[in-house]
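Reading through the C-alpha cells given below for one structure.
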Amino acid sequence: MHSPHRQNTDRRDNRHPNKPQPRRNSVAFAETAENPTVQALSGRGLERVRNSVDVRRMSQGRGVFDAEIVYGGSTFSLPPKMTDDNMEMQRRSAQVMLTITARDLKDVDPDGGNDPYCVVSVSDASMARQRRWEEIGRTEMLTNTLDPEWATKILMTYYFEEQQRLQFEIFDKQGAHKKRMGVASMLLHEIVGQKYNRKTKSLYEEGKHQGTITVTAEELSEGRQESVYFVVSATDLDRKDFLGKCDPFLKIFRYNEDGTLQLAYRTRYHEQTLNPKWKPFEVHINQLCFGDKDREFLIECYDWDNDGEHDLVGCCTTTVNRLLNGHDKILPLVNEKKASKSKRYADSGKIHFHKVYCWMDFTFLDFITGGTELDFSVAIDFTKSNLPMNEETSLHHYDKHKANQYEIAIASVADICQHYNSSKVFKAYGFGAKIPPDTRVHYNFPLNLETNDCRCLGVDGLLNAYLVAQARVELAGPTDFAPTIRFAARNAAALPDDGSKYSVLLIITDGVITDIEATKEEIVKASTLPLSIIVVGVGYDSFDEMKILDSDNHMLSSHGKYAKRDIVQFVQLRKFLPPHRELSNEDLDEAKAKLAKEVLYEVPGQLTSYMKSKGIYPRSPGSPFEVQPGTPIMASSPRGFGGSNQSSLRGSNAGSHTSSPRSSRRRLPQEPVNELGQMRIC
C-alpha cells in the first residue's frame with residue numbers, strides 16, 4: 001500500500017521517462033493531425049494525409065475541406081480543425097461517414113462501357129429557399145459496371161435538430177463529357193434512423209426508374225473517453241466540530257510514477273452530518289489511475305473549515321477493478337495519527353460504494369445505432385386564452401389554406417422525431433377542454449375523439465387527430481401542466497429499463513401556467529426518468545414563468561429537492577414567425593426548420609445524460625428488443641399538411657396500417673379508461 005503522505009498535490013502528471021507513452025500515427029501536417037477526424041482514425045488504418053487539390057466548400061457554417069486522407073483503402077475529404085468556440089456544437093453533433101453502393105443501373109453508354117461515379121450534395125434550411133444544393137463530396141469512378149460499390153467515403157457533420165437533405169447523383173464518365181444515370185434524395189435522419197443505419201431508394205432520371213442506391217452511415221468515434229462513475233456515502237464519521245458534528249467532503253488522488261499524489265476529484269461538503277450522501281460524480285480514468293484499473297488510488301475524507309484548515313477524518317485506498325468486482329463495497333476510513341496513539345482504535349467511519357461503473361463518452365448516435373427509439377407524445381392546450389375557435393384571431397382557428405401556429409409547431413417537431421421510431425406511432429392528447437355533452441374539464445384526453453385512441457401514425461395522423469379535437473371540444477381551463485407531466489412521467493416509467501425507448505413530450509401552449517409550483521414538483525420527480533419535455537409557446541404572451549422551467553443556468557428545484565437532470569426546453573414560436581404578414585410556403589418551411597432546430601437542440605444531451613445516470617451502454621447494432629405485436633392505427637390527413645413523407649403512412653387505406661416485420665414487433669401500451677367511460681386516456 002502506498003503511503004498517504006502527499007507531496008506537491010497540484011503537480012501535473014510527471015510520468016517516469018522509461019514508461020512507454022501512447023503512440024499516435026504520424027501525419028504529414030500538424031494542422032491536419034489536430035483534426036478530430038484524423039485523431040479518430042489514428043491507429044485504425046491511417047495510411048497517409050495529403051493536401052487536397054480539389055478544395056470544396058461545405059454549407060454555411062460547416063467550414064472548408066482542407067485535407068484528404070486514405071484510410072483502410074478508402075479516401076475521405078476532411079473538414080478543418082474545430083475551434084474552441086465550436087466545442088459545444090461538437091458535443092451535440094457527430095461526424096458521420098457515408099458509404100454508397102448502387103444496383104441495376106441502366107446502360108446509358110452507347111459503347112457499352114459504363115463508368116459511374118456519385119456526387120453528393122446537401123441542402124439545409126438556409127439553402128432550401130433558393131432550392132440550392134452544395135456539393136460535399138464525390139466518389140471515385142469505377143469502370144465498366146452497373147453495380148458499383150464505391151470505396152470513397154463521404155464525411156459530414158450530423159445534427160439531430162436539423163433537416164439535412166442529401167442528393168445523390170450518379171454520372172457516367174464519357175470521355176470529356178458526362179451523362180447523368182439517375183438521382184435520388186433522402187434525409188440524413190432517414191439513414192441514421194433505419195435499422196443498421198442503412199437506407200435504399202430508387203434512382204430516377206426523366207421520370208424513369210434507373211436502379212437503386214443504398215447509403216450507409218457510420219459515426220466516426222473521435223477518441224472516446226472513459227470515466228468512472230461513483231455513487232458514494234459515508235457512515236459513523238468522527239465528530240470534529242464543537243457541536244459534535246462534521247462537514248465532510250472527499251478528495252480523490254492519483255498516485256504518480258514518482259510517488260507524488262495528484263488531485264483527481266473533490267466533492268462538495270455536506271453541512272452538519274456524520275452520515276453524508278454525496279451527489280453522484282465521475283472521474284476520468286486517466287486522471288484517476290492512468291487508465292490502469294488495477295492501480296491503487298487514494299480517497300481522503302475531510303471536515304470542512306471556513307479558514308481553509310480542513311481536518312482529516314480518515315483515508316483508504318482501492319482500485320477500479322476491486323470496486324467493479326464488488327470486493328470493496330465498504331471500506332474503513334483510517335486516520336493513521338489516531339491509530340498510532342491507541343491500540344483500541346478501529347476506524348473513523350466507513351465509506352460505502354453504492355454504485356461504481358465505467359462509462360465511455362457515448363453519443364446520441366451510438367444509442368440510435370444500437371436501436372434506441374424515441375417515444376414521442378404531443379399535448380395541446382385547449383384553454384380559453386386561445387380565444388374562440390370561430391374567430392380569426394384564435395390560435396386554434398381553422399383555415400384550409402394555411403396552418404395555424406399549433407399545426408406549425410406539431411409538424412416542425414414531429415417531422416424530425418418520426419424518423420427515430422420504426423413504427424412512426426405518436427401519442428397525441430389535449431388538456432384544459434370540455435368535451436360536450438360532458439361539462440367537466442378534462443386533461444390527457446385523446447385528440448382523436450372519433451376513435452378514442454391517442455395513438456397516431458406519422459405527422460399526418462397527428463394533424464388529423466388535432467383537427468378532430470379542434471372541431472369538437474369546448475375551450476375551458478385552467479392551464480394546468482402538472483396532470484400532463486405526471487401522466488407522461490408515468491408512461492416513461494413504464495418503458496423498458498434497457499435503453500430501448502426514450503420519451504419526448506411536446507407541450508404546445510399559449511399562456512401562463514396556473515399551477516407553476518405543482519408543475520415544478522412533477523418535473524423534479526420526472527428528472528430521473530427517460531423523458532425530455534419540450535414546451536413551445538404560441539401566441540404573443542411574455543411566458544416569463546415558463547422560462548423558469550428551462551433550467552439552463554441552474555437546476556430546477558421544488559420543496560428543497562433539486563432535479564437530477566435538466567429535462568425541459570422552452571421556445572417561443574413567435575421568434576420564427578414574422579408578425580402581421582402572410583407567409584409563403586418557403587417562409588413557412590424555413591420557420592419550421594428553425595423552430596425544430598431550437599426545440600430539439602438539447603434532446604441528444606438529455607438522452608445521453610439519462611443513459612449515463614443509469615449506466616446503460618448502447619446495444620450492438622441490430623440487437624433485437626423483446627416486444628409484442630402492435631395493432632392497426634388510423635393515419636389519414638384531411639389536408640396532407642406537415643407530412644414530408646407520404647410513404648410513411650404505409651398504404652392508402654386510412655383505417656389500416658400494414659407494418660413492416662420490424663415495426664410489427666413493437667409493443668403498444670394499453671391505455672386506461674377515464675371517467676368518460678369508453679374514452680381512453682393516452
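Convention: chains lettered A, B, ... in C-alpha cells order; per-chain residue numbering from 1; ligands numbered from 1 as shown.
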>> Residues of segment 85-304 of chain A classed as strand (DSSP E) by DSSP on the backbone are to be reported as a VMD selection string.
In response: chain A and resid 93 to 103 116 to 123 134 to 138 154 to 159 165 to 174 177 to 187 198 to 205 208 to 219 226 to 235 248 to 255 261 to 266 281 to 284 297 to 303
> Which of segment 508-618 of chain A counts as alpha helix (DSSP H) under DSSP, as a ChimeraX atom specification please?
Replying inline: /A:516-526,544-549,585-599,603-614
How would the residues just picked look written out with N, CA and C atoms as a short mmCIF file (atom, residue, chain, number, x, y, z; two decimals), in the first residue's frame?
```cif
data_model
loop_
_atom_site.label_atom_id
_atom_site.label_comp_id
_atom_site.auth_asym_id
_atom_site.auth_seq_id
_atom_site.Cartn_x
_atom_site.Cartn_y
_atom_site.Cartn_z
N ILE A 516 -47.84 26.53 -11.38
CA ILE A 516 -46.39 26.53 -11.57
C ILE A 516 -45.68 25.70 -10.51
N GLU A 517 -46.08 25.79 -9.24
CA GLU A 517 -45.38 25.05 -8.19
C GLU A 517 -45.59 23.55 -8.34
N ALA A 518 -46.82 23.14 -8.65
CA ALA A 518 -47.09 21.72 -8.86
C ALA A 518 -46.35 21.21 -10.09
N THR A 519 -46.25 22.05 -11.12
CA THR A 519 -45.52 21.66 -12.33
C THR A 519 -44.04 21.46 -12.03
N LYS A 520 -43.45 22.38 -11.26
CA LYS A 520 -42.04 22.24 -10.89
C LYS A 520 -41.81 20.95 -10.11
N GLU A 521 -42.73 20.63 -9.21
CA GLU A 521 -42.59 19.40 -8.43
C GLU A 521 -42.61 18.16 -9.33
N GLU A 522 -43.52 18.15 -10.32
CA GLU A 522 -43.60 16.99 -11.22
C GLU A 522 -42.36 16.88 -12.10
N ILE A 523 -41.80 18.01 -12.52
CA ILE A 523 -40.59 17.97 -13.35
C ILE A 523 -39.41 17.43 -12.54
N VAL A 524 -39.27 17.88 -11.30
CA VAL A 524 -38.19 17.39 -10.44
C VAL A 524 -38.31 15.87 -10.26
N LYS A 525 -39.53 15.39 -10.03
CA LYS A 525 -39.73 13.95 -9.88
C LYS A 525 -39.38 13.20 -11.17
N ALA A 526 -39.74 13.79 -12.31
CA ALA A 526 -39.55 13.12 -13.60
C ALA A 526 -38.11 13.16 -14.08
N ASP A 544 -43.03 34.54 -19.07
CA ASP A 544 -41.94 34.70 -18.10
C ASP A 544 -41.83 33.49 -17.17
N GLU A 545 -42.98 33.01 -16.67
CA GLU A 545 -42.93 31.87 -15.74
C GLU A 545 -42.45 30.60 -16.44
N MET A 546 -42.75 30.49 -17.74
CA MET A 546 -42.34 29.30 -18.47
C MET A 546 -40.82 29.18 -18.53
N LYS A 547 -40.16 30.32 -18.60
CA LYS A 547 -38.70 30.31 -18.71
C LYS A 547 -38.04 29.77 -17.44
N ILE A 548 -38.76 29.82 -16.32
CA ILE A 548 -38.22 29.28 -15.07
C ILE A 548 -38.01 27.78 -15.18
N LEU A 549 -38.89 27.12 -15.94
CA LEU A 549 -38.82 25.66 -16.05
C LEU A 549 -37.62 25.21 -16.86
N ASN A 585 -44.88 29.59 -48.79
CA ASN A 585 -44.51 28.21 -48.47
C ASN A 585 -43.04 28.12 -48.09
N GLU A 586 -42.19 28.90 -48.79
CA GLU A 586 -40.76 28.89 -48.49
C GLU A 586 -40.50 29.48 -47.12
N ASP A 587 -41.21 30.59 -46.78
CA ASP A 587 -41.06 31.19 -45.44
C ASP A 587 -41.47 30.19 -44.36
N LEU A 588 -42.59 29.50 -44.61
CA LEU A 588 -43.10 28.56 -43.62
C LEU A 588 -42.13 27.40 -43.41
N ASP A 589 -41.60 26.86 -44.50
CA ASP A 589 -40.63 25.76 -44.38
C ASP A 589 -39.40 26.19 -43.59
N GLU A 590 -38.94 27.41 -43.85
CA GLU A 590 -37.76 27.90 -43.13
C GLU A 590 -38.07 28.10 -41.65
N ALA A 591 -39.27 28.64 -41.34
CA ALA A 591 -39.65 28.86 -39.95
C ALA A 591 -39.76 27.53 -39.21
N LYS A 592 -40.34 26.52 -39.85
CA LYS A 592 -40.47 25.20 -39.22
C LYS A 592 -39.10 24.58 -38.96
N ALA A 593 -38.19 24.73 -39.91
CA ALA A 593 -36.85 24.16 -39.75
C ALA A 593 -36.11 24.84 -38.60
N LYS A 594 -36.24 26.17 -38.49
CA LYS A 594 -35.55 26.90 -37.42
C LYS A 594 -36.15 26.56 -36.06
N LEU A 595 -37.48 26.42 -36.01
CA LEU A 595 -38.13 26.05 -34.75
C LEU A 595 -37.66 24.67 -34.30
N ALA A 596 -37.69 23.70 -35.21
CA ALA A 596 -37.25 22.35 -34.87
C ALA A 596 -35.81 22.33 -34.38
N LYS A 597 -34.97 23.12 -35.03
CA LYS A 597 -33.56 23.16 -34.65
C LYS A 597 -33.38 23.62 -33.22
N GLU A 598 -34.18 24.61 -32.80
CA GLU A 598 -34.01 25.13 -31.44
C GLU A 598 -34.65 24.23 -30.40
N VAL A 599 -35.87 23.72 -30.66
CA VAL A 599 -36.55 22.95 -29.62
C VAL A 599 -35.93 21.57 -29.43
N VAL A 603 -32.16 17.65 -26.84
CA VAL A 603 -32.59 16.26 -26.67
C VAL A 603 -31.43 15.27 -26.69
N PRO A 604 -30.48 15.35 -27.64
CA PRO A 604 -29.38 14.38 -27.62
C PRO A 604 -28.61 14.36 -26.30
N GLY A 605 -28.30 15.54 -25.76
CA GLY A 605 -27.59 15.60 -24.48
C GLY A 605 -28.42 15.08 -23.33
N GLN A 606 -29.74 15.34 -23.36
CA GLN A 606 -30.61 14.84 -22.30
C GLN A 606 -30.72 13.32 -22.34
N LEU A 607 -30.78 12.76 -23.54
CA LEU A 607 -30.84 11.30 -23.66
C LEU A 607 -29.56 10.65 -23.14
N THR A 608 -28.41 11.16 -23.56
CA THR A 608 -27.16 10.55 -23.11
C THR A 608 -26.93 10.75 -21.62
N SER A 609 -27.39 11.88 -21.06
CA SER A 609 -27.23 12.08 -19.62
C SER A 609 -28.07 11.09 -18.83
N TYR A 610 -29.26 10.76 -19.35
CA TYR A 610 -30.08 9.74 -18.68
C TYR A 610 -29.39 8.38 -18.74
N MET A 611 -28.91 8.01 -19.92
CA MET A 611 -28.25 6.71 -20.07
C MET A 611 -27.04 6.61 -19.15
N LYS A 612 -26.30 7.70 -19.04
CA LYS A 612 -25.13 7.70 -18.16
C LYS A 612 -25.55 7.53 -16.70
N SER A 613 -26.62 8.22 -16.30
CA SER A 613 -27.05 8.14 -14.90
C SER A 613 -27.50 6.74 -14.52
N LYS A 614 -27.94 5.96 -15.50
CA LYS A 614 -28.40 4.59 -15.24
C LYS A 614 -27.35 3.54 -15.62
#
```
> Which residues, written as a list in words, have at least one atom at most 10 Å from Gly537 of chain A, with only C-alpha atoms counted and residues fewer than 2 positions away on the same chain left out?
Replying inline: Gln405, Tyr406, Ala409, Ile507, Ile508, Thr509, Asp510, Gly511, Val512, Ile534, Val535, Gly539, Tyr540, Asp541, Ser542, Phe543, Met546, Phe570, Val571, Gln572, Leu573 and Arg574 of chain A
With C-alpha atoms retained, could you export that selection as a PDB file, in the first residue's frame?
```pdb
ATOM      1  CA  GLN A 405     -49.445  28.089 -35.008  1.00  0.00           C
ATOM      2  CA  TYR A 406     -50.362  24.807 -33.313  1.00  0.00           C
ATOM      3  CA  ALA A 409     -45.366  23.511 -34.062  1.00  0.00           C
ATOM      4  CA  ILE A 507     -46.414  20.588 -24.896  1.00  0.00           C
ATOM      5  CA  ILE A 508     -47.834  23.402 -27.036  1.00  0.00           C
ATOM      6  CA  THR A 509     -49.450  26.201 -25.038  1.00  0.00           C
ATOM      7  CA  ASP A 510     -50.477  29.817 -25.413  1.00  0.00           C
ATOM      8  CA  GLY A 511     -50.387  31.259 -21.932  1.00  0.00           C
ATOM      9  CA  VAL A 512     -49.346  31.409 -18.317  1.00  0.00           C
ATOM     10  CA  ILE A 534     -40.296  20.424 -24.889  1.00  0.00           C
ATOM     11  CA  VAL A 535     -42.603  23.404 -24.346  1.00  0.00           C
ATOM     12  CA  GLY A 539     -49.219  33.474 -29.414  1.00  0.00           C
ATOM     13  CA  TYR A 540     -47.762  36.651 -28.018  1.00  0.00           C
ATOM     14  CA  ASP A 541     -47.692  36.349 -24.210  1.00  0.00           C
ATOM     15  CA  SER A 542     -44.437  37.017 -22.341  1.00  0.00           C
ATOM     16  CA  PHE A 543     -44.149  33.440 -20.954  1.00  0.00           C
ATOM     17  CA  MET A 546     -42.337  29.298 -18.474  1.00  0.00           C
ATOM     18  CA  PHE A 570     -38.817  26.154 -23.762  1.00  0.00           C
ATOM     19  CA  VAL A 571     -39.045  28.060 -27.049  1.00  0.00           C
ATOM     20  CA  GLN A 572     -41.395  30.795 -28.263  1.00  0.00           C
ATOM     21  CA  LEU A 573     -42.745  30.253 -31.768  1.00  0.00           C
ATOM     22  CA  ARG A 574     -43.044  33.975 -32.480  1.00  0.00           C
TER      23      ARG A 574
END
```
Which residues are close to His189 of chain A, i.e. within 9 Å by only C-alpha atoms, leaving aside same-chain residues fewer than 6 positions away? Reply as a PDB file with N, CA and C atoms, in the first residue's frame.
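Dumped to result02.pdb:
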```pdb
ATOM      1  N   TYR A 158     -23.382  15.490 -38.583  1.00  0.00           N
ATOM      2  CA  TYR A 158     -24.792  15.184 -38.322  1.00  0.00           C
ATOM      3  C   TYR A 158     -25.297  16.045 -37.170  1.00  0.00           C
ATOM      4  N   TYR A 159     -26.492  16.651 -37.380  1.00  0.00           N
ATOM      5  CA  TYR A 159     -27.158  17.425 -36.334  1.00  0.00           C
ATOM      6  C   TYR A 159     -28.569  16.869 -36.169  1.00  0.00           C
ATOM      7  N   PHE A 160     -28.874  16.358 -34.976  1.00  0.00           N
ATOM      8  CA  PHE A 160     -30.193  15.777 -34.729  1.00  0.00           C
ATOM      9  C   PHE A 160     -31.305  16.781 -34.982  1.00  0.00           C
ATOM     10  N   GLU A 162     -31.583  19.295 -37.023  1.00  0.00           N
ATOM     11  CA  GLU A 162     -31.700  19.916 -38.340  1.00  0.00           C
ATOM     12  C   GLU A 162     -32.198  18.922 -39.385  1.00  0.00           C
ATOM     13  N   GLN A 163     -32.927  19.466 -40.377  1.00  0.00           N
ATOM     14  CA  GLN A 163     -33.311  18.684 -41.547  1.00  0.00           C
ATOM     15  C   GLN A 163     -32.186  18.797 -42.564  1.00  0.00           C
ATOM     16  N   GLN A 164     -31.412  17.754 -42.724  1.00  0.00           N
ATOM     17  CA  GLN A 164     -30.290  17.750 -43.667  1.00  0.00           C
ATOM     18  C   GLN A 164     -30.644  16.824 -44.826  1.00  0.00           C
ATOM     19  N   ARG A 165     -31.040  17.429 -45.952  1.00  0.00           N
ATOM     20  CA  ARG A 165     -31.430  16.645 -47.127  1.00  0.00           C
ATOM     21  C   ARG A 165     -30.226  16.439 -48.027  1.00  0.00           C
ATOM     22  N   ILE A 416     -39.223  15.581 -37.620  1.00  0.00           N
ATOM     23  CA  ILE A 416     -37.890  15.036 -37.342  1.00  0.00           C
ATOM     24  C   ILE A 416     -37.985  13.794 -36.463  1.00  0.00           C
ATOM     25  N   CYS A 417     -38.805  13.852 -35.420  1.00  0.00           N
ATOM     26  CA  CYS A 417     -38.865  12.734 -34.471  1.00  0.00           C
ATOM     27  C   CYS A 417     -39.387  11.449 -35.102  1.00  0.00           C
ATOM     28  N   HIS A 419     -38.555   9.934 -37.644  1.00  0.00           N
ATOM     29  CA  HIS A 419     -37.513   9.093 -38.222  1.00  0.00           C
ATOM     30  C   HIS A 419     -36.790   8.256 -37.166  1.00  0.00           C
ATOM     31  N   TYR A 420     -37.092   8.481 -35.882  1.00  0.00           N
ATOM     32  CA  TYR A 420     -36.404   7.772 -34.804  1.00  0.00           C
ATOM     33  C   TYR A 420     -37.341   6.815 -34.069  1.00  0.00           C
TER      34      TYR A 420
END
```
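Neighbours of Glu474 of chain A closer than or equal to 8 Å, with only C-alpha atoms counted and sequence neighbours fewer than 2 positions away skipped, come out as Phe382, Ala433, Lys434, Ile435, Pro436, Arg472 and Ala476 of chain A.
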> Mind pulling up the distance from atom CA of Arg619 of chain A to atom CA of Asp375 of chain A?
Replying inline: 17.7 Å
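If you look at atom CA of Gly477 of chain A and atom CA of Val538 of chain A, they are 16.5 Å away from each other.
Here atom CA of Gly560 of chain A stands at a distance of 28.4 Å from atom CA of Ile252 of chain A.
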>> What's around Gln210 of chain A at 8 Å? Count only C-alpha atoms, leave out sequence neighbours fewer than 4 positions away in its own chain, and write the answer as a list of chain:residue names.
In response: A:Asp104, A:Leu105, A:Lys106, A:Met181, A:Gly182, A:Ser202, A:Leu203, A:Tyr204, A:Glu205
Using only C-alpha atoms, what table do you get, as a Markdown table, when you list each residue of segment 153-234 of chain A with an atom no more than 8 Å from segment 334-357 of chain A, its nearest pair of atoms, and their distance in Å rounded to one decimal, rows by chain then rising number?
```
| residue | atom | partner | partner_atom | distance |
| --- | --- | --- | --- | --- |
| A:Val228 | CA | A:Tyr357 | CA | 5.8 |
| A:Tyr229 | CA | A:Tyr357 | CA | 5.4 |
| A:Phe230 | CA | A:Val356 | CA | 4.8 |
| A:Val231 | CA | A:Lys355 | CA | 5.0 |
| A:Val232 | CA | A:Phe353 | CA | 4.8 |
| A:Ser233 | CA | A:His352 | CA | 5.2 |
| A:Ala234 | CA | A:Ile351 | CA | 4.3 |
```
> Got a sec: who's within 10 Å of Glu407 of chain A, counting only C-alpha atoms, leaving out chain neighbours fewer than 5 positions off, as a list in words?
Replying inline: Leu395, His396, Tyr398, Lys402, Ser412, Leu462, Leu463, Tyr466, Leu467, Ile508, Phe641 and Gly642 of chain A
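Each of A:Lys561, A:Arg254, A:Arg138, A:Arg268 was checked against Arg295 of chain A using only C-alpha atoms; the smallest atom-to-atom distance is that of A:Arg254.
Take the candidates A:Trp133, A:Phe367, A:Val122, A:Tyr269 and check each one against Ser620 of chain A using only C-alpha atoms; the shortest distance goes to A:Phe367.
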